[in-house]
Amino acid sequence: MISVGIFTGYYPYTLTEVIEKAKKDGMSCVQLDLDFKDIDLSQGNITKEKANKVRDAFRDANIPIVSISAYTNLVHPDPAIRAKNVAHVKEILKFAREFGTPYVVSETGTYNVDSDWLYDPKNSTEEAYQEFKEVAQELAQYAYENNAVFLVENYVNNIIGSVDQVARLFRDVNHPGLGLLLDPTNYFGDANIDHVDAEIEKIFNVLDDKIKVAHAKDCKRAVDTGEKHASIDAAEHNSFRGAGAVELPAAGLGVLNYDLYLKKLSENHPNIPIIIEHLDEEDIPRAKKFLDDKLKSVGA
């Protein structure tokens, strides 16, 4: 049975309050955002004691932490910023098991200097791919040395976006320290948003064996093609709602074929966690019910 969870960052409160909210909303797991109001888990401030405090609090509540957010631009054009970003992911990988999970997640990055989510022409070059491949190799090895796994979350505007690009990365970096965070909505741009089912089939046909954790949001053609963010008290990766041809709303508010997605997901990953995102706190009950109803309808 697939377990349903949420990013903790959608509850902008203290550790105790976040857990209370997650329990009230019926979550059976979480992806951990390191931004509680009463614990400083910013870069350079993570300790074993703090990580264990968070882990034990969620354990006491019987809500497993299944992954940790480390979203950052891993190919930032400024070498100093890039080094700082890579070091931050390494810091989280080092302490991942102290938080109770091996899985640490980040996007791949972009050469756009204005936003981590906007396209840059250099993203599509061989040079860009090779630069990110080196970073992925470094993080996969570091993760492995620390009994963790670095999960890549691709996005169409970043260097690694398409099914073929993801597949190439895993062929080139064939390492136990590297895995895939599956979010099918991240594969859609102007060229394929009208062919949702075919893209879902391709994702699972090509990448199924790399999937470790799944996400639940939605996608649809955008009216406003600019970068979109919700006005909520949350980190940028939680407030982001899409850029370019495709908008990324909450689950059930777009065109993603959830029946097909969850059926395919459950076939080879029957106990995988799926994490709700791209919503505000008031919409959490609706999105949770939507996902639960879909899971029941496909027997997952």
# chains A, B, ... in the order shown; residues from 1 in each chain; ligands from 1
>>> residues_around(residues="region 204-216 of chain A", least_positions_apart="6", cutoff="7 Å", atoms="only C-alpha atoms", output="PyMOL selection string")
chain A and resi 167+179-183+251+272-277
>>> write_last_selection(atoms="N, CA, C and O atoms", output="PDB file, in the first residue's frame")
ATOM      1  N   ALA A 167      17.784   9.343 -18.153  1.00  0.00           N
ATOM      2  CA  ALA A 167      18.316   8.013 -18.461  1.00  0.00           C
ATOM      3  C   ALA A 167      19.810   8.077 -18.766  1.00  0.00           C
ATOM      4  O   ALA A 167      20.588   7.212 -18.318  1.00  0.00           O
ATOM      5  N   GLY A 179      19.948   8.078  -6.877  1.00  0.00           N
ATOM      6  CA  GLY A 179      18.607   7.581  -7.161  1.00  0.00           C
ATOM      7  C   GLY A 179      17.746   8.676  -7.749  1.00  0.00           C
ATOM      8  O   GLY A 179      18.184   9.823  -7.917  1.00  0.00           O
ATOM      9  N   LEU A 180      16.492   8.328  -8.058  1.00  0.00           N
ATOM     10  CA  LEU A 180      15.568   9.258  -8.705  1.00  0.00           C
ATOM     11  C   LEU A 180      14.382   9.570  -7.809  1.00  0.00           C
ATOM     12  O   LEU A 180      13.733   8.665  -7.292  1.00  0.00           O
ATOM     13  N   LEU A 181      14.114  10.860  -7.637  1.00  0.00           N
ATOM     14  CA  LEU A 181      12.859  11.314  -7.056  1.00  0.00           C
ATOM     15  C   LEU A 181      11.890  11.480  -8.219  1.00  0.00           C
ATOM     16  O   LEU A 181      12.109  12.319  -9.099  1.00  0.00           O
ATOM     17  N   LEU A 182      10.832  10.695  -8.244  1.00  0.00           N
ATOM     18  CA  LEU A 182       9.897  10.731  -9.367  1.00  0.00           C
ATOM     19  C   LEU A 182       8.811  11.771  -9.167  1.00  0.00           C
ATOM     20  O   LEU A 182       8.015  11.680  -8.235  1.00  0.00           O
ATOM     21  N   ASP A 183       8.777  12.743 -10.070  1.00  0.00           N
ATOM     22  CA  ASP A 183       7.650  13.656 -10.175  1.00  0.00           C
ATOM     23  C   ASP A 183       7.326  13.796 -11.653  1.00  0.00           C
ATOM     24  O   ASP A 183       8.022  14.495 -12.378  1.00  0.00           O
ATOM     25  N   ALA A 251      -2.206  18.671  -6.666  1.00  0.00           N
ATOM     26  CA  ALA A 251      -2.803  17.457  -7.224  1.00  0.00           C
ATOM     27  C   ALA A 251      -4.309  17.597  -7.367  1.00  0.00           C
ATOM     28  O   ALA A 251      -4.996  18.085  -6.467  1.00  0.00           O
ATOM     29  N   ILE A 272       5.840   2.409  -1.843  1.00  0.00           N
ATOM     30  CA  ILE A 272       6.587   3.661  -1.971  1.00  0.00           C
ATOM     31  C   ILE A 272       5.836   4.810  -1.300  1.00  0.00           C
ATOM     32  O   ILE A 272       4.603   4.840  -1.307  1.00  0.00           O
ATOM     33  N   PRO A 273       6.535   5.770  -0.699  1.00  0.00           N
ATOM     34  CA  PRO A 273       5.856   6.973  -0.213  1.00  0.00           C
ATOM     35  C   PRO A 273       5.627   7.961  -1.345  1.00  0.00           C
ATOM     36  O   PRO A 273       6.468   8.111  -2.233  1.00  0.00           O
ATOM     37  N   ILE A 274       4.476   8.637  -1.310  1.00  0.00           N
ATOM     38  CA  ILE A 274       4.179   9.697  -2.275  1.00  0.00           C
ATOM     39  C   ILE A 274       3.884  10.971  -1.488  1.00  0.00           C
ATOM     40  O   ILE A 274       3.082  10.954  -0.553  1.00  0.00           O
ATOM     41  N   ILE A 275       4.555  12.054  -1.858  1.00  0.00           N
ATOM     42  CA  ILE A 275       4.587  13.267  -1.051  1.00  0.00           C
ATOM     43  C   ILE A 275       3.829  14.396  -1.749  1.00  0.00           C
ATOM     44  O   ILE A 275       4.170  14.794  -2.864  1.00  0.00           O
ATOM     45  N   ILE A 276       2.807  14.930  -1.070  1.00  0.00           N
ATOM     46  CA  ILE A 276       1.986  16.014  -1.593  1.00  0.00           C
ATOM     47  C   ILE A 276       2.759  17.331  -1.557  1.00  0.00           C
ATOM     48  O   ILE A 276       3.487  17.608  -0.599  1.00  0.00           O
ATOM     49  N   GLU A 277       2.577  18.153  -2.600  1.00  0.00           N
ATOM     50  CA  GLU A 277       3.262  19.447  -2.650  1.00  0.00           C
ATOM     51  C   GLU A 277       2.476  20.446  -3.505  1.00  0.00           C
ATOM     52  O   GLU A 277       1.408  20.138  -4.026  1.00  0.00           O
TER      53      GLU A 277
END
>>> atom_distance(atom1="CA of Val89 (chain A)", atom2="CA of Ala70 (chain A)")
5.8 Å
>>> residues_around(residues="region 44-51 of chain A", least_positions_apart="2", cutoff="9 Å", atoms="only C-alpha atoms", output="PyMOL selection string")
chain A and resi 39-42+53-56+88+91-92+95-100
>>> residues_around(residues="Ala140 (chain A)", least_positions_apart="2", cutoff="6 Å", atoms="only C-alpha atoms", output="ChimeraX atom specification")
/A:136-138,142-143,150,177-178
>>> write_last_selection(atoms="N, CA, C and O atoms", output="PDB file, in the first residue's frame")
ATOM      1  N   ALA A 136      27.094  15.285  -9.957  1.00  0.00           N
ATOM      2  CA  ALA A 136      26.317  14.105  -9.572  1.00  0.00           C
ATOM      3  C   ALA A 136      27.227  12.963  -9.120  1.00  0.00           C
ATOM      4  O   ALA A 136      26.928  12.266  -8.140  1.00  0.00           O
ATOM      5  N   GLN A 137      28.321  12.766  -9.816  1.00  0.00           N
ATOM      6  CA  GLN A 137      29.278  11.729  -9.425  1.00  0.00           C
ATOM      7  C   GLN A 137      29.850  12.022  -8.039  1.00  0.00           C
ATOM      8  O   GLN A 137      29.967  11.125  -7.191  1.00  0.00           O
ATOM      9  N   GLU A 138      30.201  13.281  -7.818  1.00  0.00           N
ATOM     10  CA  GLU A 138      30.761  13.686  -6.527  1.00  0.00           C
ATOM     11  C   GLU A 138      29.771  13.464  -5.395  1.00  0.00           C
ATOM     12  O   GLU A 138      30.120  12.920  -4.337  1.00  0.00           O
ATOM     13  N   TYR A 142      29.889  10.765  -2.297  1.00  0.00           N
ATOM     14  CA  TYR A 142      29.847  11.283  -0.929  1.00  0.00           C
ATOM     15  C   TYR A 142      28.666  10.673  -0.168  1.00  0.00           C
ATOM     16  O   TYR A 142      28.785  10.295   0.997  1.00  0.00           O
ATOM     17  N   ALA A 143      27.518  10.574  -0.848  1.00  0.00           N
ATOM     18  CA  ALA A 143      26.354   9.944  -0.222  1.00  0.00           C
ATOM     19  C   ALA A 143      26.666   8.510   0.182  1.00  0.00           C
ATOM     20  O   ALA A 143      26.384   8.090   1.314  1.00  0.00           O
ATOM     21  N   PHE A 150      21.799  10.224  -2.783  1.00  0.00           N
ATOM     22  CA  PHE A 150      21.423  11.509  -3.361  1.00  0.00           C
ATOM     23  C   PHE A 150      20.366  11.267  -4.432  1.00  0.00           C
ATOM     24  O   PHE A 150      20.591  10.535  -5.395  1.00  0.00           O
ATOM     25  N   GLY A 177      24.931   5.321  -4.852  1.00  0.00           N
ATOM     26  CA  GLY A 177      24.656   6.555  -4.118  1.00  0.00           C
ATOM     27  C   GLY A 177      23.757   7.520  -4.851  1.00  0.00           C
ATOM     28  O   GLY A 177      23.507   8.627  -4.356  1.00  0.00           O
ATOM     29  N   LEU A 178      23.225   7.118  -6.011  1.00  0.00           N
ATOM     30  CA  LEU A 178      22.372   7.994  -6.811  1.00  0.00           C
ATOM     31  C   LEU A 178      21.029   7.333  -7.076  1.00  0.00           C
ATOM     32  O   LEU A 178      20.970   6.162  -7.451  1.00  0.00           O
TER      33      LEU A 178
END
>>> closest_residue(among="A:Leu139, A:Leu169, A:Leu74, A:Leu248", to="Ala230 (chain A)", atoms="only C-alpha atoms")
A:Leu248
